[in-house]
file model.txt (compact mmCIF, C-alpha atoms and all ligand atoms)
# COMPACT_ATOMS: atom_id res chain seq x y z
CA MET A 1 -25.14 25.09 -12.29
CA LYS A 2 -21.73 25.97 -13.60
CA LYS A 3 -18.51 24.28 -12.51
CA GLY A 4 -15.31 26.28 -12.07
CA VAL A 5 -11.89 25.28 -13.38
CA LEU A 6 -8.68 27.05 -12.36
CA LEU A 7 -5.45 26.27 -14.23
CA VAL A 8 -2.42 27.34 -12.19
CA ASN A 9 1.07 27.60 -13.60
CA LEU A 10 4.24 28.55 -11.71
CA GLY A 11 4.52 32.23 -12.57
CA THR A 12 7.13 34.40 -14.16
CA PRO A 13 8.37 37.99 -13.84
CA ASP A 14 6.04 40.72 -15.20
CA SER A 15 8.92 42.10 -17.27
CA THR A 16 12.65 41.57 -17.71
CA SER A 17 13.59 44.61 -15.59
CA VAL A 18 15.84 43.75 -12.65
CA ALA A 19 13.19 45.20 -10.29
CA ASP A 20 10.45 42.89 -11.62
CA VAL A 21 12.71 39.85 -11.64
CA ARG A 22 13.74 40.63 -8.05
CA LYS A 23 10.06 40.96 -7.05
CA TYR A 24 9.33 37.58 -8.64
CA LEU A 25 12.30 35.85 -7.03
CA ARG A 26 11.40 37.31 -3.63
CA GLU A 27 7.84 36.04 -3.77
CA PHE A 28 8.83 32.65 -5.20
CA LEU A 29 11.72 31.93 -2.86
CA SER A 30 9.99 33.26 0.29
CA ASP A 31 7.54 30.37 -0.10
CA LYS A 32 8.20 27.96 2.79
CA ARG A 33 7.56 25.01 0.48
CA VAL A 34 10.28 26.18 -1.93
CA ILE A 35 13.03 27.19 0.49
CA ASP A 36 12.03 24.86 3.29
CA ILE A 37 14.17 26.20 6.11
CA PRO A 38 13.12 28.19 9.21
CA ALA A 39 11.60 31.64 8.54
CA VAL A 40 14.47 33.86 9.77
CA PRO A 41 17.32 32.14 7.84
CA ARG A 42 14.98 31.94 4.81
CA TRP A 43 14.32 35.68 5.00
CA MET A 44 18.07 36.39 5.24
CA LEU A 45 18.96 34.02 2.41
CA VAL A 46 16.29 35.41 0.07
CA ASN A 47 16.56 39.12 0.87
CA LEU A 48 20.26 39.50 1.59
CA ILE A 49 21.78 36.99 -0.81
CA ILE A 50 19.57 35.54 -3.55
CA ALA A 51 17.39 38.53 -4.50
CA PRO A 52 20.21 41.10 -4.68
CA PHE A 53 22.78 38.92 -6.43
CA ARG A 54 20.66 36.58 -8.54
CA ALA A 55 18.15 39.13 -9.86
CA PRO A 56 20.52 40.93 -12.29
CA LYS A 57 21.84 37.62 -13.66
CA SER A 58 18.35 36.12 -13.99
CA ALA A 59 17.05 39.31 -15.65
CA ALA A 60 19.74 38.95 -18.32
CA GLU A 61 18.58 35.37 -18.94
CA TYR A 62 14.93 36.43 -19.10
CA ARG A 63 15.88 39.03 -21.74
CA LYS A 64 16.98 36.14 -23.97
CA LEU A 65 13.65 34.37 -23.36
CA PHE A 66 10.92 37.01 -23.56
CA THR A 67 9.33 37.64 -26.96
CA GLU A 68 7.12 40.52 -28.09
CA ARG A 69 4.28 38.67 -26.32
CA GLY A 70 6.20 38.56 -23.05
CA SER A 71 7.02 35.42 -21.09
CA PRO A 72 6.22 32.15 -22.94
CA LEU A 73 5.18 30.47 -19.69
CA LYS A 74 2.42 33.05 -19.32
CA TYR A 75 1.20 33.44 -22.90
CA TYR A 76 1.15 29.69 -23.58
CA THR A 77 -1.00 29.24 -20.46
CA GLU A 78 -3.35 32.05 -21.60
CA ASP A 79 -3.56 30.49 -25.07
CA LEU A 80 -5.09 27.34 -23.59
CA LEU A 81 -8.12 29.13 -22.15
CA ASP A 82 -10.33 29.72 -25.19
CA PRO A 83 -9.79 26.27 -26.74
CA LEU A 84 -10.42 24.65 -23.34
CA ARG A 85 -13.60 26.72 -22.84
CA ALA A 86 -14.75 25.67 -26.30
CA LEU A 87 -14.12 21.98 -25.55
CA LEU A 88 -15.77 22.00 -22.13
CA GLY A 89 -18.81 24.02 -23.16
CA ALA A 90 -21.20 26.29 -21.31
CA ASP A 91 -21.36 24.20 -18.11
CA TYR A 92 -17.85 25.32 -17.15
CA VAL A 93 -16.18 28.60 -16.22
CA VAL A 94 -12.44 28.37 -16.94
CA GLU A 95 -9.90 30.81 -15.48
CA TYR A 96 -6.15 30.74 -14.99
CA ALA A 97 -3.64 32.02 -12.46
CA MET A 98 0.03 32.00 -11.59
CA ARG A 99 1.30 30.79 -8.22
CA TYR A 100 3.66 33.77 -8.12
CA GLN A 101 3.13 37.26 -9.58
CA SER A 102 0.24 37.82 -11.94
CA PRO A 103 -2.57 37.02 -12.46
CA SER A 104 -2.76 35.88 -8.84
CA ILE A 105 -4.58 32.84 -7.50
CA GLN A 106 -6.67 35.27 -5.45
CA SER A 107 -7.90 37.00 -8.63
CA GLY A 108 -8.67 33.68 -10.35
CA LEU A 109 -10.64 32.39 -7.36
CA ASP A 110 -12.49 35.73 -7.06
CA LYS A 111 -13.63 35.42 -10.69
CA LEU A 112 -14.94 31.91 -10.10
CA LYS A 113 -16.69 33.02 -6.92
CA ALA A 114 -18.31 35.94 -8.77
CA ALA A 115 -19.54 33.48 -11.42
CA ASN A 116 -21.37 31.56 -8.67
CA VAL A 117 -19.80 28.23 -9.54
CA SER A 118 -20.99 25.17 -7.64
CA SER A 119 -17.52 23.58 -7.50
CA ILE A 120 -13.91 24.45 -8.24
CA HIS A 121 -11.40 22.11 -9.85
CA VAL A 122 -7.84 23.37 -9.44
CA ILE A 123 -5.27 21.96 -11.85
CA PRO A 124 -1.69 22.85 -10.85
CA MET A 125 0.12 22.56 -14.18
CA PHE A 126 2.86 20.22 -12.98
CA PRO A 127 2.70 16.66 -14.29
CA GLN A 128 4.76 15.32 -11.34
CA TYR A 129 3.92 16.18 -7.73
CA ALA A 130 6.40 18.26 -5.72
CA SER A 131 5.66 20.06 -2.48
CA ALA A 132 7.43 23.12 -3.97
CA THR A 133 5.03 23.31 -6.93
CA THR A 134 1.73 21.37 -6.77
CA GLY A 135 1.80 21.36 -2.95
CA SER A 136 2.36 25.09 -2.87
CA VAL A 137 -0.57 25.80 -5.24
CA ILE A 138 -2.88 23.64 -3.12
CA ASP A 139 -1.62 25.34 0.04
CA LYS A 140 -2.35 28.80 -1.41
CA VAL A 141 -5.85 27.87 -2.64
CA MET A 142 -6.69 26.48 0.80
CA GLU A 143 -5.27 29.58 2.54
CA ILE A 144 -7.58 31.81 0.46
CA THR A 145 -10.74 29.69 0.43
CA LYS A 146 -10.67 28.97 4.16
CA THR A 147 -11.70 32.62 4.71
CA TRP A 148 -14.81 32.31 2.49
CA GLN A 149 -18.27 32.15 4.04
CA ILE A 150 -19.37 29.57 1.48
CA ILE A 151 -16.75 27.03 0.46
CA PRO A 152 -17.91 25.04 -2.56
CA GLU A 153 -16.65 21.57 -3.40
CA ILE A 154 -12.95 21.96 -4.24
CA ARG A 155 -10.96 19.36 -6.11
CA PHE A 156 -7.23 19.26 -6.85
CA THR A 157 -5.33 17.32 -9.48
CA SER A 158 -2.13 16.34 -7.68
CA GLN A 159 -0.34 14.77 -10.64
CA PHE A 160 -1.13 13.68 -14.17
CA LEU A 161 2.05 12.06 -15.47
CA GLU A 162 0.20 8.93 -16.57
CA ASP A 163 -2.37 10.82 -18.65
CA ASP A 164 -2.10 9.29 -22.09
CA LYS A 165 -2.79 12.48 -24.06
CA PHE A 166 -0.19 14.38 -22.04
CA LEU A 167 2.36 11.64 -22.84
CA GLU A 168 1.27 11.50 -26.46
CA VAL A 169 2.02 15.21 -27.05
CA ILE A 170 5.57 14.74 -25.75
CA ALA A 171 6.00 11.62 -27.88
CA LYS A 172 4.58 13.34 -30.97
CA ASN A 173 6.94 16.32 -30.57
CA GLY A 174 9.88 13.95 -30.02
CA ARG A 175 8.97 11.87 -33.06
CA ARG A 176 9.18 14.95 -35.28
CA TRP A 177 12.83 15.43 -34.27
CA MET A 178 13.59 11.72 -34.53
CA GLU A 179 12.32 11.61 -38.11
CA LYS A 180 15.02 14.13 -39.10
CA THR A 181 17.99 12.84 -37.10
CA ASP A 182 19.32 9.49 -35.98
CA TYR A 183 20.18 10.37 -32.34
CA ASP A 184 22.85 8.42 -30.41
CA HIS A 185 21.19 9.08 -27.10
CA PHE A 186 18.18 10.70 -25.38
CA VAL A 187 18.13 12.78 -22.21
CA PHE A 188 15.09 13.39 -20.00
CA SER A 189 15.99 16.45 -17.96
CA TYR A 190 13.65 17.42 -15.10
CA HIS A 191 13.73 20.35 -12.72
CA GLY A 192 15.68 19.26 -9.63
CA LEU A 193 14.67 19.38 -5.96
CA PRO A 194 16.62 19.34 -2.69
CA GLU A 195 16.89 15.70 -1.58
CA ARG A 196 15.47 16.53 1.84
CA GLN A 197 12.15 17.63 0.30
CA ILE A 198 11.66 14.14 -1.11
CA LYS A 199 12.77 12.48 2.13
CA LYS A 200 10.24 14.55 4.09
CA GLY A 201 7.41 13.18 1.97
CA SER A 202 8.65 9.60 1.90
CA VAL A 203 6.05 7.32 3.49
CA GLY A 204 7.71 4.98 6.03
CA ASN A 205 11.07 6.46 5.01
CA GLN A 206 11.15 3.98 2.13
CA CYS A 207 12.73 6.31 -0.45
CA GLN A 208 16.52 6.13 -0.47
CA LEU A 209 16.80 8.27 -3.62
CA GLY A 210 18.61 5.42 -5.31
CA ALA A 211 17.41 2.45 -7.35
CA CYS A 212 14.14 2.44 -5.35
CA CYS A 213 12.91 5.29 -7.57
CA ASN A 214 13.24 3.10 -10.68
CA LYS A 215 10.00 1.35 -9.79
CA PHE A 216 6.73 3.24 -9.50
CA HIS A 217 4.14 1.82 -7.13
CA GLU A 218 1.60 2.74 -4.50
CA ARG A 219 4.12 3.50 -1.74
CA ASN A 220 6.24 5.91 -3.77
CA GLN A 221 3.46 7.36 -5.95
CA PHE A 222 4.27 10.89 -4.72
CA CYS A 223 8.08 10.58 -4.86
CA TYR A 224 8.98 13.23 -7.44
CA ARG A 225 12.12 11.36 -8.50
CA ALA A 226 10.22 8.09 -9.01
CA GLN A 227 7.56 9.99 -10.96
CA CYS A 228 10.22 11.45 -13.24
CA PHE A 229 11.69 8.00 -13.96
CA HIS A 230 8.19 6.68 -14.62
CA THR A 231 7.28 9.56 -16.97
CA SER A 232 10.49 8.95 -18.93
CA ARG A 233 9.80 5.22 -19.18
CA LEU A 234 6.27 5.87 -20.50
CA VAL A 235 7.50 8.34 -23.14
CA ALA A 236 10.43 6.10 -24.11
CA ASP A 237 8.01 3.15 -24.53
CA LYS A 238 5.84 5.21 -26.86
CA LEU A 239 8.88 6.09 -28.95
CA GLY A 240 10.52 2.65 -28.85
CA ILE A 241 13.64 4.04 -27.14
CA PRO A 242 15.44 1.17 -25.36
CA GLU A 243 16.52 1.59 -21.72
CA ASP A 244 20.23 1.83 -22.53
CA LYS A 245 19.65 4.71 -24.95
CA TYR A 246 18.24 7.23 -22.49
CA THR A 247 19.24 8.91 -19.24
CA VAL A 248 17.02 10.61 -16.68
CA CYS A 249 18.62 13.60 -14.97
CA PHE A 250 17.88 16.74 -12.94
CA GLN A 251 18.74 20.39 -13.64
CA SER A 252 18.73 23.84 -12.02
CA ARG A 253 20.30 23.11 -8.65
CA LEU A 254 20.24 26.15 -6.36
CA GLY A 255 22.54 26.42 -3.32
CA LYS A 256 24.97 23.92 -1.82
CA ASP A 257 22.63 21.30 -0.36
CA PRO A 258 22.44 17.99 -2.23
CA TRP A 259 19.69 17.92 -4.86
CA ILE A 260 18.34 14.80 -6.53
CA GLN A 261 20.77 13.18 -8.93
CA PRO A 262 22.20 12.65 -11.47
CA TYR A 263 22.70 16.29 -12.40
CA THR A 264 22.09 17.10 -16.08
CA GLU A 265 25.38 19.01 -16.33
CA ASP A 266 27.36 15.91 -15.30
CA VAL A 267 25.33 13.61 -17.55
CA LEU A 268 25.88 15.68 -20.68
CA LYS A 269 29.64 15.81 -20.09
CA GLU A 270 29.78 12.05 -19.54
CA LEU A 271 27.77 11.47 -22.70
CA ALA A 272 30.15 13.60 -24.75
CA LYS A 273 33.15 11.86 -23.13
CA SER A 274 31.75 8.45 -23.99
CA GLY A 275 31.56 9.43 -27.67
CA LYS A 276 27.88 10.32 -28.01
CA LYS A 277 27.57 12.94 -30.74
CA LYS A 278 23.86 13.55 -31.27
CA VAL A 279 21.53 13.94 -28.33
CA LEU A 280 17.81 14.79 -28.15
CA ALA A 281 16.66 16.33 -24.85
CA PHE A 282 13.14 16.09 -23.42
CA SER A 283 11.87 18.31 -20.56
CA PRO A 284 8.71 16.57 -19.34
CA ALA A 285 8.39 18.47 -16.03
CA PHE A 286 7.39 21.60 -17.94
CA VAL A 287 4.14 22.01 -19.81
CA SER A 288 5.08 25.44 -21.19
CA ASP A 289 8.40 26.51 -22.59
CA CYS A 290 10.17 28.76 -20.11
CA LEU A 291 13.57 29.82 -18.86
CA GLU A 292 14.34 26.28 -17.73
CA THR A 293 13.66 24.71 -21.12
CA THR A 294 14.45 27.22 -23.88
CA ILE A 295 17.44 28.86 -22.22
CA GLU A 296 18.86 26.30 -19.80
CA VAL A 297 18.36 23.08 -21.74
CA GLY A 298 18.06 24.49 -25.26
CA GLN A 299 20.96 26.95 -25.13
CA GLU A 300 23.24 26.51 -22.10
CA TYR A 301 23.36 22.70 -22.05
CA LYS A 302 23.74 22.67 -25.81
CA GLU A 303 26.82 24.91 -25.56
CA GLU A 304 28.26 22.73 -22.77
CA PHE A 305 27.64 19.52 -24.71
CA ILE A 306 29.33 20.87 -27.82
CA GLU A 307 32.23 22.27 -25.80
CA ALA A 308 32.66 18.78 -24.29
CA GLY A 309 32.95 17.20 -27.76
CA GLY A 310 29.33 16.60 -28.82
CA GLU A 311 28.01 17.70 -32.21
CA GLN A 312 24.25 18.07 -32.01
CA TRP A 313 21.95 18.76 -29.05
CA ASP A 314 18.26 19.40 -29.74
CA LEU A 315 15.42 20.21 -27.37
CA VAL A 316 11.89 18.83 -27.75
CA GLU A 317 9.46 21.70 -27.25
CA SER A 318 6.98 21.67 -24.35
CA LEU A 319 3.27 21.05 -24.73
CA ASN A 320 2.57 24.80 -25.03
CA ASP A 321 -0.72 25.34 -26.96
CA ASP A 322 -0.96 21.92 -28.63
CA PRO A 323 -4.64 20.97 -29.23
CA LEU A 324 -4.00 17.49 -27.82
CA TRP A 325 -2.77 19.09 -24.60
CA VAL A 326 -6.06 21.02 -24.43
CA GLU A 327 -7.85 17.67 -24.83
CA SER A 328 -5.72 16.22 -22.07
CA LEU A 329 -6.76 19.08 -19.74
CA ALA A 330 -10.41 18.64 -20.68
CA GLY A 331 -10.07 14.94 -19.84
CA LEU A 332 -8.61 15.76 -16.41
CA VAL A 333 -11.57 18.06 -15.76
CA ARG A 334 -14.17 15.51 -16.82
CA GLU A 335 -12.67 12.47 -15.09
CA ARG A 336 -13.99 11.56 -11.69
C1 LIG B 401 8.62 21.86 -12.99
C2 LIG B 401 8.63 21.97 -11.73
C3 LIG B 401 9.47 22.83 -10.90
C4 LIG B 401 10.02 22.46 -9.69
C5 LIG B 401 9.90 21.14 -8.99
C6 LIG B 401 10.75 23.61 -9.21
C7 LIG B 401 11.45 23.66 -8.01
C8 LIG B 401 12.28 24.69 -7.61
N1 LIG B 401 12.65 25.81 -8.33
C9 LIG B 401 13.51 26.59 -7.61
C10 LIG B 401 14.10 27.80 -8.00
C11 LIG B 401 13.89 28.48 -9.21
N2 LIG B 401 13.14 28.00 -10.27
C12 LIG B 401 13.07 28.99 -11.23
C13 LIG B 401 12.39 28.93 -12.43
C14 LIG B 401 11.45 27.96 -12.77
N3 LIG B 401 11.13 26.82 -12.07
C15 LIG B 401 10.14 26.14 -12.71
C16 LIG B 401 9.54 24.93 -12.32
C17 LIG B 401 9.87 24.20 -11.17
N4 LIG B 401 10.63 24.61 -10.11
C18 LIG B 401 9.81 26.88 -13.89
C19 LIG B 401 8.73 26.52 -14.86
C20 LIG B 401 10.63 28.01 -13.93
C21 LIG B 401 10.72 29.04 -15.06
C22 LIG B 401 9.82 30.22 -14.89
C23 LIG B 401 9.89 31.20 -16.04
O1 LIG B 401 9.61 32.38 -15.77
O2 LIG B 401 10.20 30.89 -17.20
C24 LIG B 401 13.83 30.13 -10.79
C25 LIG B 401 13.90 31.48 -11.51
C26 LIG B 401 14.87 31.57 -12.58
C27 LIG B 401 16.26 31.69 -12.09
O3 LIG B 401 16.61 32.66 -11.45
O4 LIG B 401 17.00 30.71 -12.33
C28 LIG B 401 14.35 29.81 -9.53
C29 LIG B 401 15.19 30.67 -8.64
C30 LIG B 401 13.69 25.93 -6.36
C31 LIG B 401 14.56 26.46 -5.22
C32 LIG B 401 12.94 24.76 -6.36
C33 LIG B 401 12.76 23.69 -5.36
C34 LIG B 401 12.92 23.75 -4.12
FE FE B 402 12.16 26.20 -10.35
FE FE B 403 11.97 7.63 -4.44

call {"tool": "encode", "arguments": {"input": "model.txt", "output": "structure tokens", "more": "lines below"}}
Ligand SMILES: C=CC1=C(C)c2cc3[nH]c(cc4nc(cc5[nH]c(cc1n2)c(C)c5CCC(=O)O)C(CCC(=O)O)=C4C)c(C)c3C=C
Ligand SMILES: [Fe+2]
Ligand SMILES: [Fe+2]
result
Amino acid sequence: MKKGVLLVNLGTPDSTSVADVRKYLREFLSDKRVIDIPAVPRWMLVNLIIAPFRAPKSAAEYRKLFTERGSPLKYYTEDLLDPLRALLGADYVVEYAMRYQSPSIQSGLDKLKAANVSSIHVIPMFPQYASATTGSVIDKVMEITKTWQIIPEIRFTSQFLEDDKFLEVIAKNGRRWMEKTDYDHFVFSYHGLPERQIKKGSVGNQCQLGACCNKFHERNQFCYRAQCFHTSRLVADKLGIPEDKYTVCFQSRLGKDPWIQPYTEDVLKELAKSGKKKVLAFSPAFVSDCLETTIEVGQEYKEEFIEAGGEQWDLVESLNDDPLWVESLAGLVRER
């Protein structure tokens, strides 16, 4: 009997037209796990403010990102399929989906159902757990499969930040940059989250979003901020980067509510002010290069760092289609 595997990445606009970007933003931001406020204010915020005003600006950014193959987030995910199928062999049926836009989770699950699989292993492609990403994928899969007459065994990978092959790809990519340049400092920039989303998931209210996130243990194992610090520590250890030579920070704040800190924009200015000239940036929340890595960290933050007095700002590429990343995924599938 064959086992099903569904890789799920975030999703991206179908094209760089303002209409497609608006459609993407609407679907993404209407998700109650992403904008976690009551339905009516969320509808007003998304449809009357964000979609109309943000879509043209975001479309211009996506035009800088898309290549002749389209959106990197999508084609790098597609590129993993054949090598993963080859590694896993004939006992597995491997499909992929995007949480938002296309191909949909519905279409991916339908393919697995049609292949008569005996089980489904869903891997949301987010190394660290957040309700807005991993949680949302799990939510959607459950919403769809609860209507099925036959529900096979379903398994979810909720996080994989400690997977050694995943960490090794990041370290290997970083090492390549470090062989060419003697960097003064290293930045680990993660996608941000509203603070309240972490507080809501904090068991026994133990997360204060301060120094508590520096330690990673059973009680805060799903605190996104603690997971980001832990991921950084594991990569830094592999590369021999001492604690005082790296900073963990959070990018892409949306709206006025407090998001988890420190903000990358503040960190890069402080680094330049304190005389740091050469910085290497890692983006370990993202497995595929995308708007948040290539454009935001690789271009915008670079410009801001240089404007603030820095000289060199480089970005370590994401895992993309690295063969070791395919091995890491195969390991996640096989582990029990
Ligand atoms: C890596 C994990 C991610 C988390 C956590 C996350 C939370 C989150 N994001 C938004 C709003 C936006 N994110 C956007 C792009 C985007 N976000 C992620 C990943 C995470 N988001 C990725 C991989 C991408 C890039 C997709 C691509 O097509 O390349 C965007 C769209 C771009 C823009 O207009 O800036 C928005 C909006 C919120 C509100 C949020 C947590 C609540
Ligand atoms: Fe995002
Ligand atoms: Fe925490």

call {"tool": "residues_near_ligand", "arguments": {"input": "model.txt", "ligand": "ligand LIG 401 (chain B)", "cutoff": "7 Å", "atoms": "all atoms listed in the file", "output": "mmCIF file with C-alpha atoms, in the coordinates of the input"}}
result
data_model
loop_
_atom_site.group_PDB
_atom_site.id
_atom_site.type_symbol
_atom_site.label_atom_id
_atom_site.label_comp_id
_atom_site.auth_asym_id
_atom_site.auth_seq_id
_atom_site.Cartn_x
_atom_site.Cartn_y
_atom_site.Cartn_z
ATOM 1 C CA LEU A 10 4.240 28.550 -11.710
ATOM 2 C CA GLY A 11 4.520 32.230 -12.570
ATOM 3 C CA THR A 12 7.130 34.400 -14.160
ATOM 4 C CA PRO A 13 8.370 37.990 -13.840
ATOM 5 C CA LEU A 25 12.300 35.850 -7.030
ATOM 6 C CA LEU A 29 11.720 31.930 -2.860
ATOM 7 C CA VAL A 34 10.280 26.180 -1.930
ATOM 8 C CA ILE A 35 13.030 27.190 0.490
ATOM 9 C CA ARG A 54 20.660 36.580 -8.540
ATOM 10 C CA ALA A 55 18.150 39.130 -9.860
ATOM 11 C CA SER A 58 18.350 36.120 -13.990
ATOM 12 C CA SER A 71 7.020 35.420 -21.090
ATOM 13 C CA LEU A 73 5.180 30.470 -19.690
ATOM 14 C CA PHE A 126 2.860 20.220 -12.980
ATOM 15 C CA ALA A 130 6.400 18.260 -5.720
ATOM 16 C CA ALA A 132 7.430 23.120 -3.970
ATOM 17 C CA THR A 133 5.030 23.310 -6.930
ATOM 18 C CA HIS A 191 13.730 20.350 -12.720
ATOM 19 C CA GLY A 192 15.680 19.260 -9.630
ATOM 20 C CA LEU A 193 14.670 19.380 -5.960
ATOM 21 C CA PRO A 194 16.620 19.340 -2.690
ATOM 22 C CA LEU A 254 20.240 26.150 -6.360
ATOM 23 C CA ALA A 285 8.390 18.470 -16.030
ATOM 24 C CA PHE A 286 7.390 21.600 -17.940
ATOM 25 C CA CYS A 290 10.170 28.760 -20.110
ATOM 26 C CA LEU A 291 13.570 29.820 -18.860
ATOM 27 C CA GLU A 292 14.340 26.280 -17.730
#

call {"tool": "residues_near_ligand", "arguments": {"input": "model.txt", "ligand": "ligand FE 403 (chain B)", "cutoff": "9 Å", "atoms": "all atoms listed in the file", "output": "list in words"}}
result
Ile198, Lys199, Ser202, Gln206, Cys207, Gln208, Leu209, Gly210, Ala211, Cys212, Cys213, Asn214, Lys215, Phe216, Asn220, Gln221, Phe222, Cys223, Tyr224, Arg225, Ala226 and Gln227 of chain A

call {"tool": "closest_residue", "arguments": {"input": "model.txt", "among": "A:Glu168, A:Arg99, A:Ser15, A:Asp314", "to": "ligand FE 402 (chain B)", "atoms": "all atoms listed in the file"}}
result
A:Arg99

call {"tool": "closest_residue", "arguments": {"input": "model.txt", "among": "A:Glu335, A:Glu304, A:Glu296, A:Glu317", "to": "ligand FE 402 (chain B)", "atoms": "all atoms listed in the file"}}
result
A:Glu296

call {"tool": "residues_near_point", "arguments": {"input": "model.txt", "point": "(31.1, 12.3, -29.5)", "cutoff": "6 Å", "atoms": "only C-alpha atoms", "output": "PyMOL selection string"}}
result
chain A and resi 272+275-277+309-310

call {"tool": "write_last_selection", "arguments": {"input": "model.txt", "atoms": "C-alpha atoms", "output": "PDB file, keeping the file's coordinate frame"}}
result
ATOM      1  CA  ALA A 272      30.150  13.600 -24.750  1.00  0.00           C
ATOM      2  CA  GLY A 275      31.560   9.430 -27.670  1.00  0.00           C
ATOM      3  CA  LYS A 276      27.880  10.320 -28.010  1.00  0.00           C
ATOM      4  CA  LYS A 277      27.570  12.940 -30.740  1.00  0.00           C
ATOM      5  CA  GLY A 309      32.950  17.200 -27.760  1.00  0.00           C
ATOM      6  CA  GLY A 310      29.330  16.600 -28.820  1.00  0.00           C
TER       7      GLY A 310
END

call {"tool": "closest_residue", "arguments": {"input": "model.txt", "among": "A:Arg22, A:Gln312, A:Thr67, A:Glu179", "to": "Ala51 in chain A", "atoms": "all atoms listed in the file"}}
result
A:Arg22

call {"tool": "closest_residue", "arguments": {"input": "model.txt", "among": "A:Asp79, A:Ser30, A:Ile295, A:Lys2", "to": "Arg63 in chain A", "atoms": "all atoms listed in the file"}}
result
A:Ile295

call {"tool": "closest_residue", "arguments": {"input": "model.txt", "among": "A:Pro103, A:Lys64, A:Ala90, A:Val169", "to": "Val326 in chain A", "atoms": "only C-alpha atoms"}}
result
A:Val169

call {"tool": "atom_distance", "arguments": {"input": "model.txt", "atom1": "CA of Lys146 in chain A", "atom2": "CA of Ser104 in chain A"}}
result
16.7 Å

call {"tool": "closest_residue", "arguments": {"input": "model.txt", "among": "A:Trp325, A:Ile151, A:Val122, A:Arg253", "to": "ligand FE 402 (chain B)", "atoms": "all atoms listed in the file"}}
result
A:Arg253

call {"tool": "residues_around", "arguments": {"input": "model.txt", "residues": "Pro323 in chain A", "least_positions_apart": "2", "cutoff": "12 Å", "atoms": "all atoms listed in the file", "output": "list in words"}}
result
Tyr76, Asp79, Leu80, Leu81, Asp82, Pro83, Leu84, Ala86, Leu87, Lys165, Phe166, Glu168, Val169, Leu319, Asn320, Asp321, Trp325, Val326, Glu327, Ser328, Leu329 and Ala330 of chain A

call {"tool": "atom_distance", "arguments": {"input": "model.txt", "atom1": "CA of Arg155 in chain A", "atom2": "CA of Asp36 in chain A"}}
result
25.4 Å

call {"tool": "residues_around", "arguments": {"input": "model.txt", "residues": "Phe188 in chain A", "least_positions_apart": "5", "cutoff": "9 Å", "atoms": "only C-alpha atoms", "output": "list in words"}}
result
Cys228, Phe229, Ser232, Tyr246, Thr247, Val248, Cys249, Phe250, Thr264, Leu280, Ala281, Phe282, Ser283 and Pro284 of chain A

call {"tool": "residues_near_point", "arguments": {"input": "model.txt", "point": "(17.0, 13.5, -38.5)", "cutoff": "12 Å", "atoms": "all atoms listed in the file", "output": "VMD selection string"}}
result
chain A and resid 174 to 184 278 to 280 312 to 314

call {"tool": "atom_distance", "arguments": {"input": "model.txt", "atom1": "CA of Gln251 in chain A", "atom2": "CA of Gln101 in chain A"}}
result
23.3 Å

call {"tool": "decode", "arguments": {"input": "model.txt", "residues": "range 15-25 of chain A", "atoms": "N, CA and C atoms", "output": "PDB file, in the first residue's frame"}}
result
ATOM      1  N   SER A  15       0.781  35.717 -10.732  1.00  0.00           N
ATOM      2  CA  SER A  15       1.601  36.556 -11.616  1.00  0.00           C
ATOM      3  C   SER A  15       1.870  37.862 -10.876  1.00  0.00           C
ATOM      4  N   THR A  16       2.586  38.763 -11.522  1.00  0.00           N
ATOM      5  CA  THR A  16       2.911  40.032 -10.851  1.00  0.00           C
ATOM      6  C   THR A  16       1.886  41.130 -11.173  1.00  0.00           C
ATOM      7  N   SER A  17       0.768  40.757 -11.802  1.00  0.00           N
ATOM      8  CA  SER A  17      -0.252  41.786 -12.081  1.00  0.00           C
ATOM      9  C   SER A  17      -0.859  42.223 -10.742  1.00  0.00           C
ATOM     10  N   VAL A  18      -1.293  43.475 -10.696  1.00  0.00           N
ATOM     11  CA  VAL A  18      -1.876  43.989  -9.448  1.00  0.00           C
ATOM     12  C   VAL A  18      -3.092  43.145  -9.066  1.00  0.00           C
ATOM     13  N   ALA A  19      -3.879  42.709 -10.070  1.00  0.00           N
ATOM     14  CA  ALA A  19      -5.081  41.909  -9.776  1.00  0.00           C
ATOM     15  C   ALA A  19      -4.707  40.589  -9.098  1.00  0.00           C
ATOM     16  N   ASP A  20      -3.663  39.910  -9.612  1.00  0.00           N
ATOM     17  CA  ASP A  20      -3.270  38.624  -9.001  1.00  0.00           C
ATOM     18  C   ASP A  20      -2.657  38.821  -7.622  1.00  0.00           C
ATOM     19  N   VAL A  21      -1.891  39.890  -7.470  1.00  0.00           N
ATOM     20  CA  VAL A  21      -1.292  40.145  -6.146  1.00  0.00           C
ATOM     21  C   VAL A  21      -2.404  40.473  -5.139  1.00  0.00           C
ATOM     22  N   ARG A  22      -3.399  41.231  -5.595  1.00  0.00           N
ATOM     23  CA  ARG A  22      -4.517  41.572  -4.700  1.00  0.00           C
ATOM     24  C   ARG A  22      -5.277  40.298  -4.295  1.00  0.00           C
ATOM     25  N   LYS A  23      -5.488  39.404  -5.272  1.00  0.00           N
ATOM     26  CA  LYS A  23      -6.197  38.147  -4.996  1.00  0.00           C
ATOM     27  C   LYS A  23      -5.425  37.325  -3.934  1.00  0.00           C
ATOM     28  N   TYR A  24      -4.115  37.302  -4.109  1.00  0.00           N
ATOM     29  CA  TYR A  24      -3.254  36.564  -3.160  1.00  0.00           C
ATOM     30  C   TYR A  24      -3.334  37.195  -1.764  1.00  0.00           C
ATOM     31  N   LEU A  25      -3.167  38.505  -1.709  1.00  0.00           N
ATOM     32  CA  LEU A  25      -3.184  39.178  -0.405  1.00  0.00           C
ATOM     33  C   LEU A  25      -4.524  38.986   0.291  1.00  0.00           C
TER      34      LEU A  25
END
